[in-house]
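Inspection log for the structure reproduced underneath, given as structure tokens.
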Amino acid sequence: IDNLPKKGNLMALVFKNNYIYPDKKRDEKVAKDLIRNIDSTVKFFKKYNIPVILIEPVCNLKDMPPFRGIDDEKYKDFILKYAETIKSLDKEKIKKFYQHRQNIKEYDNNATILYLDAKVKEILNQDDYRESYIKAKDMDIIPFRIRSTIIEKLREYANKKSHFNLYYLNLFEEIISESKEFLFGNEIFLDHLHFNNDGHIFLTYLLLKKLDKIYSFGEKNLEKIKYLLFSKEINKQIFWTPLSEVLAFLKLNSLFSKQPYSDMIIKYNFSFGKNVVEKNELYKEQKLKDFFNKEYFSLEPIVLELIDYYREKKDMEKVIMYANFFKEILPAYHLPYYVQSKILEELDDLKLSEKGLIIAYNLSGNHYYY
């Protein structure tokens, strides 16, 4: 979390301008190695009668174009013209362009063009648009999203092991079944595969349903948890704040400015970022906005800035909220406990203030300051 945004990122380090072309035999070998590791874990826990839940990987299909298609540069002009036609939302114009594209078979192996085909099929309400998004993802030669061959092998493995201690959560099918929609886009994702807040809530609910099959929570308890999740009451319990969104936005914005995101011909539509800038309450205050626009900053000064900002406005509810957030994010660091202790002292809760001060003293290595 500290020093956001960072100069480098793991994706760029892993990528290093290497392209991995579609190869079913290689994907099957990757799947075999992955399953061997999973199976050793399952067998280990089986000895102690401990159930293991294997969650199927899913990713952003609708709103995440491929990082790179075969011969993207060669087809760049066509791709940009195709994307512009789709953007017009003129169905007749789109249909005509799509029919023209179908006559050029050399485009059939290019992931970016296949992705645009899927977009057209969705706009024109064609039944196979979902499969087309999946095919485009599988043809991506920078495969940060898992290929279908590996998922198929995971499903085969899970079916063979279903009578043991392994419980498989077919996340793809469960999301469709529960939502009745094809939600594999920015509705539940922040980027190519990481969930946004709504996605995490949805995943938690589906995971709880799987846990219910193992431990039998009971329908009433499951309904209570469902309300806690979908009413967003859970966000209070996990200390989710407007700053949580801002930090995610800044980190992702930095990520998108670097490879492989920066090289994409069709750029990712970062709707979450746009929403943060336009609607997040912290971005409505110029003083705070200027602070966020600094090239580098760490978590500690921004939280302290927010606490001081709301203290000046005499909004103690927000002061307490960000003090709690600070403590929950850095539970082994002394400063959040000291900050919280001083706030509690202001509120005349001297007993809790003293407790916080003692924790801060212990965590600081008995620093003389405390």
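In the structure tokens, chains take letters A, B, ... by order of appearance, with residues numbered from 1 within each chain and ligands from 1 in the order shown.
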request  = For segment 216-231 of chain A, list every protein, DNA or RNA residue within 7 Å, evaluated using only C-alpha atoms, and leave out those in the same chain fewer than 3 positions away; present the list as a PyMOL selection string.
outcome  = chain A and resi 201+205+212-213+234
key: 8 Å contact set for Thr112 of chain A, only C-alpha atoms, chain neighbours under 4 positions out, as a PyMOL selection string   = chain A and resi 65-66+68-69+72+79+116+136+140+266
May I have the residues from that selection written out with all heavy atoms, as an mmCIF file, in the first residue's frame?
```
data_model
loop_
_atom_site.group_PDB
_atom_site.id
_atom_site.type_symbol
_atom_site.label_atom_id
_atom_site.label_comp_id
_atom_site.auth_asym_id
_atom_site.auth_seq_id
_atom_site.Cartn_x
_atom_site.Cartn_y
_atom_site.Cartn_z
ATOM 1 N N PRO A 65 -10.416 -5.942 -23.337
ATOM 2 C CA PRO A 65 -9.887 -6.415 -24.626
ATOM 3 C C PRO A 65 -8.628 -7.259 -24.398
ATOM 4 O O PRO A 65 -7.993 -7.160 -23.347
ATOM 5 C CB PRO A 65 -9.539 -5.124 -25.366
ATOM 6 C CG PRO A 65 -10.248 -4.031 -24.624
ATOM 7 C CD PRO A 65 -10.331 -4.484 -23.208
ATOM 8 N N PRO A 66 -8.243 -8.082 -25.356
ATOM 9 C CA PRO A 66 -6.984 -8.827 -25.235
ATOM 10 C C PRO A 66 -5.797 -7.869 -25.102
ATOM 11 O O PRO A 66 -5.802 -6.776 -25.667
ATOM 12 C CB PRO A 66 -6.913 -9.605 -26.552
ATOM 13 C CG PRO A 66 -8.336 -9.717 -27.005
ATOM 14 C CD PRO A 66 -8.987 -8.428 -26.580
ATOM 15 N N ARG A 68 -2.871 -8.548 -26.315
ATOM 16 C CA ARG A 68 -2.195 -8.562 -27.616
ATOM 17 C C ARG A 68 -2.742 -9.712 -28.465
ATOM 18 O O ARG A 68 -2.846 -10.842 -27.997
ATOM 19 C CB ARG A 68 -0.687 -8.743 -27.409
ATOM 20 C CG ARG A 68 0.124 -9.000 -28.658
ATOM 21 C CD ARG A 68 0.391 -7.754 -29.453
ATOM 22 N NE ARG A 68 1.139 -6.749 -28.715
ATOM 23 C CZ ARG A 68 1.858 -5.783 -29.292
ATOM 24 N NH1 ARG A 68 1.929 -5.711 -30.605
ATOM 25 N NH2 ARG A 68 2.477 -4.888 -28.562
ATOM 26 N N GLY A 69 -3.080 -9.398 -29.701
ATOM 27 C CA GLY A 69 -3.482 -10.427 -30.650
ATOM 28 C C GLY A 69 -2.351 -10.717 -31.614
ATOM 29 O O GLY A 69 -1.442 -9.900 -31.795
ATOM 30 N N ASP A 72 -1.235 -7.948 -34.321
ATOM 31 C CA ASP A 72 -1.990 -6.730 -33.987
ATOM 32 C C ASP A 72 -1.511 -5.512 -34.777
ATOM 33 O O ASP A 72 -2.324 -4.727 -35.281
ATOM 34 C CB ASP A 72 -1.872 -6.431 -32.485
ATOM 35 C CG ASP A 72 -3.118 -6.858 -31.711
ATOM 36 O OD1 ASP A 72 -4.059 -7.395 -32.331
ATOM 37 O OD2 ASP A 72 -3.138 -6.653 -30.480
ATOM 38 N N ILE A 79 -8.406 -2.666 -37.039
ATOM 39 C CA ILE A 79 -8.909 -2.806 -35.665
ATOM 40 C C ILE A 79 -9.491 -1.481 -35.163
ATOM 41 O O ILE A 79 -10.592 -1.442 -34.601
ATOM 42 C CB ILE A 79 -7.783 -3.297 -34.722
ATOM 43 C CG1 ILE A 79 -7.452 -4.766 -35.011
ATOM 44 C CG2 ILE A 79 -8.178 -3.118 -33.250
ATOM 45 C CD1 ILE A 79 -6.178 -5.268 -34.345
ATOM 46 N N LEU A 116 -13.693 -7.860 -30.807
ATOM 47 C CA LEU A 116 -14.623 -6.917 -31.429
ATOM 48 C C LEU A 116 -15.792 -7.653 -32.089
ATOM 49 O O LEU A 116 -16.929 -7.167 -32.066
ATOM 50 C CB LEU A 116 -13.885 -6.036 -32.440
ATOM 51 C CG LEU A 116 -12.822 -5.102 -31.841
ATOM 52 C CD1 LEU A 116 -12.031 -4.403 -32.936
ATOM 53 C CD2 LEU A 116 -13.449 -4.082 -30.895
ATOM 54 N N ALA A 136 -11.867 -15.094 -27.762
ATOM 55 C CA ALA A 136 -10.953 -13.949 -27.866
ATOM 56 C C ALA A 136 -9.956 -13.959 -26.710
ATOM 57 O O ALA A 136 -8.752 -13.729 -26.914
ATOM 58 C CB ALA A 136 -11.749 -12.648 -27.867
ATOM 59 N N ASP A 140 -5.525 -14.566 -26.751
ATOM 60 C CA ASP A 140 -4.636 -13.500 -26.278
ATOM 61 C C ASP A 140 -3.234 -14.078 -26.093
ATOM 62 O O ASP A 140 -3.060 -15.087 -25.398
ATOM 63 C CB ASP A 140 -5.184 -12.962 -24.941
ATOM 64 C CG ASP A 140 -4.522 -11.664 -24.510
ATOM 65 O OD1 ASP A 140 -3.426 -11.340 -25.000
ATOM 66 O OD2 ASP A 140 -5.120 -10.965 -23.658
ATOM 67 N N ILE A 266 -6.704 -1.640 -28.364
ATOM 68 C CA ILE A 266 -7.993 -1.233 -27.809
ATOM 69 C C ILE A 266 -7.798 -1.124 -26.304
ATOM 70 O O ILE A 266 -7.555 -2.119 -25.626
ATOM 71 C CB ILE A 266 -9.102 -2.271 -28.111
ATOM 72 C CG1 ILE A 266 -9.190 -2.554 -29.606
ATOM 73 C CG2 ILE A 266 -10.447 -1.789 -27.565
ATOM 74 C CD1 ILE A 266 -9.570 -1.367 -30.455
#
```
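With only C-alpha atoms as the atoms that count, the residue of A:Leu357, A:Val42, A:Leu363, A:Ile175 with the shortest distance to Tyr333 of chain A is A:Leu363.
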request  = Considering only C-alpha atoms, state which residue in the set A:Asn103, A:Asn165, A:Ile150, A:Glu354 is at the smallest distance from Phe44 of chain A.
outcome  = A:Asn165
ask   = So which residues touch segment 27-39 of chain A within 7 Å, counting only C-alpha atoms, skipping near sequence neighbours fewer than 6 positions away, as a ChimeraX atom specification?
value = /A:149-150,153-154
With N, CA, C and O atoms retained, write the just-selected residues as an mmCIF file, in the first residue's frame.
```cif
data_model
loop_
_atom_site.group_PDB
_atom_site.id
_atom_site.type_symbol
_atom_site.label_atom_id
_atom_site.label_comp_id
_atom_site.auth_asym_id
_atom_site.auth_seq_id
_atom_site.Cartn_x
_atom_site.Cartn_y
_atom_site.Cartn_z
ATOM 1 N N THR A 149 -8.553 -24.382 -21.783
ATOM 2 C CA THR A 149 -8.028 -25.752 -21.670
ATOM 3 C C THR A 149 -7.701 -26.082 -20.221
ATOM 4 O O THR A 149 -7.990 -27.186 -19.736
ATOM 5 N N ILE A 150 -7.121 -25.123 -19.510
ATOM 6 C CA ILE A 150 -6.749 -25.343 -18.107
ATOM 7 C C ILE A 150 -8.002 -25.452 -17.240
ATOM 8 O O ILE A 150 -8.089 -26.308 -16.350
ATOM 9 N N LYS A 153 -9.580 -28.879 -17.670
ATOM 10 C CA LYS A 153 -8.850 -29.909 -16.932
ATOM 11 C C LYS A 153 -9.121 -29.823 -15.429
ATOM 12 O O LYS A 153 -9.178 -30.846 -14.741
ATOM 13 N N LEU A 154 -9.263 -28.604 -14.921
ATOM 14 C CA LEU A 154 -9.617 -28.436 -13.502
ATOM 15 C C LEU A 154 -10.987 -29.050 -13.214
ATOM 16 O O LEU A 154 -11.185 -29.714 -12.193
#
```
task = Please provide as a ChimeraX atom specification all residues within 9 Å of segment 319-331 of chain A, with the sequence filter that same-chain residues fewer than 6 positions apart are discarded (counting only C-alpha atoms).
result = /A:238-241,243,299-300,303-304,306-311,337,339-340,343-344
Write out the residues from the selection above, keeping C-alpha atoms, as a compact mmCIF listing (two decimals), in the first residue's frame.
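Saved the output as out-v6.txt:
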```txt
# COMPACT_ATOMS: atom_id res chain seq x y z
CA ILE A 238 -14.47 -4.47 6.99
CA PHE A 239 -13.81 -0.71 7.34
CA TRP A 240 -14.38 -0.01 3.65
CA THR A 241 -14.15 3.76 3.16
CA LEU A 243 -10.29 6.14 0.68
CA LEU A 299 -0.74 5.58 3.20
CA GLU A 300 0.32 7.17 6.50
CA VAL A 303 -4.78 9.07 6.43
CA LEU A 304 -3.37 11.66 8.82
CA LEU A 306 -7.88 13.07 6.18
CA ILE A 307 -8.15 12.86 9.96
CA ASP A 308 -6.92 16.45 10.35
CA TYR A 309 -9.18 17.60 7.50
CA TYR A 310 -12.33 16.18 9.11
CA ARG A 311 -11.25 17.28 12.58
CA TYR A 337 -3.13 3.09 17.93
CA VAL A 339 -3.70 8.37 16.69
CA GLN A 340 -6.83 6.57 17.87
CA ILE A 343 -8.95 10.97 19.34
CA LEU A 344 -10.49 9.00 22.21
```
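From atom CA of Pro242 of chain A back to atom CA of Lys279 of chain A, the distance works out to 9.9 Å.
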message = For a test of reading the model, state the distance in Å between atom CA of Ala248 of chain A and atom CA of Lys342 of chain A, rounded to one decimal.
response = 28.4 Å
Just the residues within 12 Å of segment 281-286 of chain A, please, counting only C-alpha atoms, with nothing from its chain fewer than 2 positions along; format it as a JSON list (two decimals) with N, CA, C and O atoms, in the first residue's frame.
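The file below, result30.json, is the result:
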```json
[["chain", "number", "residue", "atom", "x", "y", "z"],
["A", 241, "THR", "N", -13.92, 2.32, 3.13],
["A", 241, "THR", "CA", -14.15, 3.76, 3.16],
["A", 241, "THR", "C", -13.98, 4.35, 1.75],
["A", 241, "THR", "O", -13.47, 3.67, 0.85],
["A", 242, "PRO", "N", -14.36, 5.60, 1.55],
["A", 242, "PRO", "CA", -14.07, 6.25, 0.26],
["A", 242, "PRO", "C", -12.58, 6.22, -0.10],
["A", 242, "PRO", "O", -12.22, 6.15, -1.27],
["A", 243, "LEU", "N", -11.72, 6.22, 0.94],
["A", 243, "LEU", "CA", -10.29, 6.14, 0.68],
["A", 243, "LEU", "C", -9.90, 4.79, 0.09],
["A", 243, "LEU", "O", -8.96, 4.70, -0.71],
["A", 244, "SER", "N", -10.63, 3.73, 0.45],
["A", 244, "SER", "CA", -10.36, 2.40, -0.13],
["A", 244, "SER", "C", -10.47, 2.46, -1.64],
["A", 244, "SER", "O", -9.63, 1.92, -2.37],
["A", 245, "GLU", "N", -11.51, 3.15, -2.12],
["A", 245, "GLU", "CA", -11.71, 3.30, -3.57],
["A", 245, "GLU", "C", -10.60, 4.13, -4.19],
["A", 245, "GLU", "O", -10.10, 3.80, -5.27],
["A", 246, "VAL", "N", -10.23, 5.20, -3.52],
["A", 246, "VAL", "CA", -9.19, 6.09, -4.06],
["A", 246, "VAL", "C", -7.86, 5.35, -4.18],
["A", 246, "VAL", "O", -7.17, 5.45, -5.20],
["A", 247, "LEU", "N", -7.50, 4.58, -3.16],
["A", 247, "LEU", "CA", -6.25, 3.83, -3.19],
["A", 247, "LEU", "C", -6.24, 2.81, -4.33],
["A", 247, "LEU", "O", -5.25, 2.64, -5.03],
["A", 249, "PHE", "N", -8.01, 3.00, -7.08],
["A", 249, "PHE", "CA", -7.95, 3.78, -8.32],
["A", 249, "PHE", "C", -6.52, 4.20, -8.63],
["A", 249, "PHE", "O", -6.04, 4.04, -9.77],
["A", 273, "GLY", "N", -12.39, 3.82, -12.39],
["A", 273, "GLY", "CA", -11.61, 5.04, -12.17],
["A", 273, "GLY", "C", -12.42, 6.29, -12.46],
["A", 273, "GLY", "O", -12.39, 7.27, -11.71],
["A", 274, "LYS", "N", -13.17, 6.25, -13.56],
["A", 274, "LYS", "CA", -14.02, 7.38, -13.92],
["A", 274, "LYS", "C", -15.06, 7.64, -12.84],
["A", 274, "LYS", "O", -15.33, 8.79, -12.46],
["A", 275, "ASN", "N", -15.61, 6.56, -12.31],
["A", 275, "ASN", "CA", -16.63, 6.67, -11.25],
["A", 275, "ASN", "C", -16.04, 7.28, -9.98],
["A", 275, "ASN", "O", -16.68, 8.10, -9.32],
["A", 276, "VAL", "N", -14.82, 6.89, -9.64],
["A", 276, "VAL", "CA", -14.15, 7.43, -8.45],
["A", 276, "VAL", "C", -13.93, 8.94, -8.59],
["A", 276, "VAL", "O", -14.27, 9.73, -7.70],
["A", 277, "VAL", "N", -13.39, 9.35, -9.73],
["A", 277, "VAL", "CA", -13.09, 10.77, -9.96],
["A", 277, "VAL", "C", -14.36, 11.61, -9.96],
["A", 277, "VAL", "O", -14.38, 12.73, -9.44],
["A", 278, "GLU", "N", -15.44, 11.07, -10.51],
["A", 278, "GLU", "CA", -16.68, 11.84, -10.63],
["A", 278, "GLU", "C", -17.56, 11.80, -9.38],
["A", 278, "GLU", "O", -18.27, 12.76, -9.10],
["A", 279, "LYS", "N", -17.51, 10.68, -8.63],
["A", 279, "LYS", "CA", -18.49, 10.51, -7.55],
["A", 279, "LYS", "C", -17.93, 10.34, -6.15],
["A", 279, "LYS", "O", -18.64, 10.54, -5.17],
["A", 288, "LEU", "N", -8.00, 17.86, -1.05],
["A", 288, "LEU", "CA", -7.70, 16.42, -1.04],
["A", 288, "LEU", "C", -7.34, 15.93, -2.44],
["A", 288, "LEU", "O", -6.45, 15.11, -2.61],
["A", 289, "LYS", "N", -8.05, 16.44, -3.42],
["A", 289, "LYS", "CA", -7.79, 16.06, -4.81],
["A", 289, "LYS", "C", -6.35, 16.38, -5.20],
["A", 289, "LYS", "O", -5.66, 15.58, -5.84],
["A", 290, "ASP", "N", -5.87, 17.56, -4.80],
["A", 290, "ASP", "CA", -4.49, 17.96, -5.07],
["A", 290, "ASP", "C", -3.51, 16.99, -4.41],
["A", 290, "ASP", "O", -2.46, 16.66, -4.97],
["A", 291, "PHE", "N", -3.87, 16.54, -3.23],
["A", 291, "PHE", "CA", -3.03, 15.61, -2.49],
["A", 291, "PHE", "C", -2.93, 14.28, -3.24],
["A", 291, "PHE", "O", -1.86, 13.70, -3.37],
["A", 292, "PHE", "N", -4.06, 13.81, -3.75],
["A", 292, "PHE", "CA", -4.08, 12.54, -4.49],
["A", 292, "PHE", "C", -3.32, 12.64, -5.81],
["A", 292, "PHE", "O", -2.81, 11.63, -6.31],
["A", 293, "ASN", "N", -3.26, 13.83, -6.38],
["A", 293, "ASN", "CA", -2.63, 14.00, -7.68],
["A", 293, "ASN", "C", -1.11, 14.08, -7.61],
["A", 293, "ASN", "O", -0.44, 14.21, -8.63],
["A", 302, "ILE", "N", -1.56, 10.32, 4.00],
["A", 302, "ILE", "CA", -2.89, 10.60, 3.48],
["A", 302, "ILE", "C", -3.96, 10.36, 4.54],
["A", 302, "ILE", "O", -4.91, 11.12, 4.66],
["A", 303, "VAL", "N", -3.80, 9.32, 5.36],
["A", 303, "VAL", "CA", -4.78, 9.07, 6.43],
["A", 303, "VAL", "C", -4.71, 10.18, 7.47],
["A", 303, "VAL", "O", -5.74, 10.69, 7.92],
["A", 305, "GLU", "N", -3.74, 13.19, 6.96],
["A", 305, "GLU", "CA", -4.30, 14.39, 6.32],
["A", 305, "GLU", "C", -5.83, 14.37, 6.39],
["A", 305, "GLU", "O", -6.46, 15.39, 6.69],
["A", 306, "LEU", "N", -6.42, 13.20, 6.14],
["A", 306, "LEU", "CA", -7.88, 13.07, 6.18],
["A", 306, "LEU", "C", -8.41, 13.28, 7.59],
["A", 306, "LEU", "O", -9.44, 13.94, 7.79],
["A", 309, "TYR", "N", -8.21, 16.89, 8.34],
["A", 309, "TYR", "CA", -9.18, 17.60, 7.50],
["A", 309, "TYR", "C", -10.58, 17.53, 8.13],
["A", 309, "TYR", "O", -11.27, 18.55, 8.24],
["A", 310, "TYR", "N", -10.99, 16.34, 8.54],
["A", 310, "TYR", "CA", -12.33, 16.18, 9.11],
["A", 310, "TYR", "C", -12.40, 16.68, 10.56],
["A", 310, "TYR", "O", -13.47, 17.08, 11.02],
["A", 318, "LYS", "N", -16.35, 10.98, 10.77],
["A", 318, "LYS", "CA", -15.36, 10.67, 9.74],
["A", 318, "LYS", "C", -13.96, 10.52, 10.35],
["A", 318, "LYS", "O", -13.17, 9.70, 9.90]]
```
request  = Return as a VMD selection string the full set of residues in segment 291-333 of chain A whose backbone-based DSSP assignment is helix (DSSP H, G or I).
outcome  = chain A and resid 291 to 292 299 to 312 316 to 329
Residues as selected, N, CA, C and O atoms, written as a compact mmCIF listing (two decimals), in the first residue's frame, can you do that?
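To be explicit, this is the file written out as again13.txt:
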```txt
# COMPACT_ATOMS: atom_id res chain seq x y z
N PHE A 291 -3.87 16.54 -3.23
CA PHE A 291 -3.03 15.61 -2.49
C PHE A 291 -2.93 14.28 -3.24
O PHE A 291 -1.86 13.70 -3.37
N PHE A 292 -4.06 13.81 -3.75
CA PHE A 292 -4.08 12.54 -4.49
C PHE A 292 -3.32 12.64 -5.81
O PHE A 292 -2.81 11.63 -6.31
N LEU A 299 0.54 5.65 2.50
CA LEU A 299 -0.74 5.58 3.20
C LEU A 299 -0.77 6.47 4.44
O LEU A 299 -1.75 7.18 4.68
N GLU A 300 0.30 6.45 5.22
CA GLU A 300 0.32 7.17 6.50
C GLU A 300 -0.01 8.65 6.37
O GLU A 300 -0.94 9.13 7.03
N PRO A 301 0.68 9.43 5.52
CA PRO A 301 0.36 10.85 5.44
C PRO A 301 -1.05 11.15 4.93
O PRO A 301 -1.67 12.11 5.36
N ILE A 302 -1.56 10.32 4.00
CA ILE A 302 -2.89 10.60 3.48
C ILE A 302 -3.96 10.36 4.54
O ILE A 302 -4.91 11.12 4.66
N VAL A 303 -3.80 9.32 5.36
CA VAL A 303 -4.78 9.07 6.43
C VAL A 303 -4.71 10.18 7.47
O VAL A 303 -5.74 10.69 7.92
N LEU A 304 -3.51 10.58 7.84
CA LEU A 304 -3.37 11.66 8.82
C LEU A 304 -3.93 12.97 8.27
O LEU A 304 -4.55 13.75 9.01
N GLU A 305 -3.74 13.19 6.96
CA GLU A 305 -4.30 14.39 6.32
C GLU A 305 -5.83 14.37 6.39
O GLU A 305 -6.46 15.39 6.69
N LEU A 306 -6.42 13.20 6.14
CA LEU A 306 -7.88 13.07 6.18
C LEU A 306 -8.41 13.28 7.59
O LEU A 306 -9.44 13.94 7.79
N ILE A 307 -7.72 12.71 8.57
CA ILE A 307 -8.15 12.86 9.96
C ILE A 307 -8.11 14.33 10.37
O ILE A 307 -9.06 14.85 10.98
N ASP A 308 -7.02 15.02 10.03
CA ASP A 308 -6.92 16.45 10.35
C ASP A 308 -7.97 17.27 9.60
O ASP A 308 -8.56 18.21 10.15
N TYR A 309 -8.21 16.89 8.34
CA TYR A 309 -9.18 17.60 7.50
C TYR A 309 -10.58 17.53 8.13
O TYR A 309 -11.27 18.55 8.24
N TYR A 310 -10.99 16.34 8.54
CA TYR A 310 -12.33 16.18 9.11
C TYR A 310 -12.40 16.68 10.56
O TYR A 310 -13.47 17.08 11.02
N ARG A 311 -11.26 16.71 11.23
CA ARG A 311 -11.25 17.28 12.58
C ARG A 311 -11.52 18.79 12.49
O ARG A 311 -12.28 19.35 13.28
N GLU A 312 -10.89 19.44 11.50
CA GLU A 312 -11.12 20.87 11.29
C GLU A 312 -12.58 21.16 10.95
O GLU A 312 -13.12 22.19 11.32
N MET A 316 -16.56 14.41 13.56
CA MET A 316 -15.89 13.38 14.34
C MET A 316 -16.24 11.96 13.87
O MET A 316 -15.46 11.03 14.07
N GLU A 317 -17.38 11.81 13.24
CA GLU A 317 -17.74 10.49 12.71
C GLU A 317 -16.73 10.04 11.65
O GLU A 317 -16.28 8.89 11.65
N LYS A 318 -16.35 10.98 10.77
CA LYS A 318 -15.36 10.67 9.74
C LYS A 318 -13.96 10.52 10.35
O LYS A 318 -13.17 9.70 9.90
N VAL A 319 -13.67 11.32 11.35
CA VAL A 319 -12.38 11.22 12.05
C VAL A 319 -12.22 9.81 12.61
O VAL A 319 -11.18 9.16 12.42
N ILE A 320 -13.25 9.34 13.30
CA ILE A 320 -13.21 7.99 13.91
C ILE A 320 -13.14 6.92 12.82
O ILE A 320 -12.40 5.94 12.94
N MET A 321 -13.91 7.12 11.73
CA MET A 321 -13.92 6.15 10.64
C MET A 321 -12.52 5.95 10.06
O MET A 321 -12.06 4.81 9.88
N TYR A 322 -11.80 7.05 9.81
CA TYR A 322 -10.48 6.92 9.20
C TYR A 322 -9.43 6.47 10.21
O TYR A 322 -8.45 5.80 9.84
N ALA A 323 -9.63 6.77 11.48
CA ALA A 323 -8.73 6.25 12.52
C ALA A 323 -8.89 4.72 12.61
O ALA A 323 -7.89 3.99 12.71
N ASN A 324 -10.13 4.24 12.56
CA ASN A 324 -10.37 2.79 12.58
C ASN A 324 -9.80 2.12 11.32
O ASN A 324 -9.22 1.04 11.39
N PHE A 325 -10.01 2.77 10.18
CA PHE A 325 -9.47 2.26 8.92
C PHE A 325 -7.95 2.12 9.01
O PHE A 325 -7.37 1.10 8.61
N PHE A 326 -7.29 3.14 9.54
CA PHE A 326 -5.84 3.17 9.69
C PHE A 326 -5.37 1.97 10.52
O PHE A 326 -4.42 1.27 10.17
N LYS A 327 -6.07 1.73 11.62
CA LYS A 327 -5.70 0.64 12.53
C LYS A 327 -5.91 -0.73 11.89
O LYS A 327 -5.10 -1.64 12.05
N GLU A 328 -7.02 -0.87 11.15
CA GLU A 328 -7.33 -2.17 10.54
C GLU A 328 -6.40 -2.49 9.37
O GLU A 328 -6.07 -3.65 9.13
N ILE A 329 -5.97 -1.45 8.66
CA ILE A 329 -5.06 -1.66 7.54
C ILE A 329 -3.65 -2.00 8.03
O ILE A 329 -2.95 -2.83 7.43
```
task = For Tyr115 of chain A, list every protein, DNA or RNA residue within 9 Å, evaluated using only C-alpha atoms, and leave out those in the same chain fewer than 6 positions away; present the list as a PyMOL selection string.
result = chain A and resi 61-62+64-66+132-137
Mind dumping the selected residues with N, CA, C and O atoms as a PDB file, in the first residue's frame?
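That gives us out-v1.pdb:
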```pdb
ATOM      1  N   LEU A  61     -14.335 -10.622 -19.244  1.00  0.00           N
ATOM      2  CA  LEU A  61     -14.404 -10.987 -20.663  1.00  0.00           C
ATOM      3  C   LEU A  61     -14.973  -9.873 -21.526  1.00  0.00           C
ATOM      4  O   LEU A  61     -14.480  -9.608 -22.623  1.00  0.00           O
ATOM      5  N   LYS A  62     -16.014  -9.199 -21.033  1.00  0.00           N
ATOM      6  CA  LYS A  62     -16.757  -8.231 -21.853  1.00  0.00           C
ATOM      7  C   LYS A  62     -16.060  -6.887 -21.998  1.00  0.00           C
ATOM      8  O   LYS A  62     -16.089  -6.268 -23.066  1.00  0.00           O
ATOM      9  N   MET A  64     -12.796  -6.203 -21.051  1.00  0.00           N
ATOM     10  CA  MET A  64     -11.334  -6.296 -21.096  1.00  0.00           C
ATOM     11  C   MET A  64     -10.884  -6.824 -22.451  1.00  0.00           C
ATOM     12  O   MET A  64     -10.984  -8.015 -22.730  1.00  0.00           O
ATOM     13  N   PRO A  65     -10.416  -5.942 -23.337  1.00  0.00           N
ATOM     14  CA  PRO A  65      -9.887  -6.415 -24.626  1.00  0.00           C
ATOM     15  C   PRO A  65      -8.628  -7.259 -24.398  1.00  0.00           C
ATOM     16  O   PRO A  65      -7.993  -7.160 -23.347  1.00  0.00           O
ATOM     17  N   PRO A  66      -8.243  -8.082 -25.356  1.00  0.00           N
ATOM     18  CA  PRO A  66      -6.984  -8.827 -25.235  1.00  0.00           C
ATOM     19  C   PRO A  66      -5.797  -7.869 -25.102  1.00  0.00           C
ATOM     20  O   PRO A  66      -5.802  -6.776 -25.667  1.00  0.00           O
ATOM     21  N   SER A 132     -17.835 -16.267 -27.978  1.00  0.00           N
ATOM     22  CA  SER A 132     -16.895 -15.443 -28.752  1.00  0.00           C
ATOM     23  C   SER A 132     -15.972 -14.642 -27.839  1.00  0.00           C
ATOM     24  O   SER A 132     -14.778 -14.474 -28.135  1.00  0.00           O
ATOM     25  N   TYR A 133     -16.503 -14.143 -26.722  1.00  0.00           N
ATOM     26  CA  TYR A 133     -15.641 -13.448 -25.751  1.00  0.00           C
ATOM     27  C   TYR A 133     -14.594 -14.413 -25.187  1.00  0.00           C
ATOM     28  O   TYR A 133     -13.422 -14.047 -25.003  1.00  0.00           O
ATOM     29  N   ILE A 134     -15.020 -15.639 -24.899  1.00  0.00           N
ATOM     30  CA  ILE A 134     -14.101 -16.635 -24.346  1.00  0.00           C
ATOM     31  C   ILE A 134     -13.012 -16.987 -25.359  1.00  0.00           C
ATOM     32  O   ILE A 134     -11.832 -17.084 -25.013  1.00  0.00           O
ATOM     33  N   LYS A 135     -13.410 -17.147 -26.615  1.00  0.00           N
ATOM     34  CA  LYS A 135     -12.433 -17.461 -27.667  1.00  0.00           C
ATOM     35  C   LYS A 135     -11.408 -16.340 -27.818  1.00  0.00           C
ATOM     36  O   LYS A 135     -10.207 -16.595 -27.960  1.00  0.00           O
ATOM     37  N   ALA A 136     -11.867 -15.094 -27.762  1.00  0.00           N
ATOM     38  CA  ALA A 136     -10.953 -13.949 -27.866  1.00  0.00           C
ATOM     39  C   ALA A 136      -9.956 -13.959 -26.710  1.00  0.00           C
ATOM     40  O   ALA A 136      -8.752 -13.729 -26.914  1.00  0.00           O
ATOM     41  N   LYS A 137     -10.444 -14.252 -25.527  1.00  0.00           N
ATOM     42  CA  LYS A 137      -9.562 -14.335 -24.350  1.00  0.00           C
ATOM     43  C   LYS A 137      -8.528 -15.445 -24.525  1.00  0.00           C
ATOM     44  O   LYS A 137      -7.341 -15.268 -24.208  1.00  0.00           O
TER      45      LYS A 137
END
```
message = What does the structure give for the distance between atom CA of Tyr268 of chain A and atom CA of Asp63 of chain A, in Å to one decimal?
response =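 Answer for the atom CA of Tyr268 of chain A to atom CA of Asp63 of chain A separation: 6.9 Å.
Distances to Leu13 of chain A were evaluated for A:Asp117, A:Ser271, A:Lys47, A:Lys258 using only C-alpha atoms, and the minimum falls at A:Lys258.
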message = Here is a test: counting only C-alpha atoms, which residue of A:Ile123, A:Ala118, A:Leu89, A:Leu203 is nearest to Ile55 of chain A?
response =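 Residue with the minimum atom-to-atom distance to Ile55 of chain A: A:Leu203.
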request  = For Phe144 of chain A, list every protein, DNA or RNA residue within 12 Å, evaluated using only C-alpha atoms, and leave out those in the same chain fewer than 6 positions away; present the list as a PyMOL selection string.
outcome  = chain A and resi 10-12+14-15+18-20+57-60+64-68+137-138+191-194+260-261
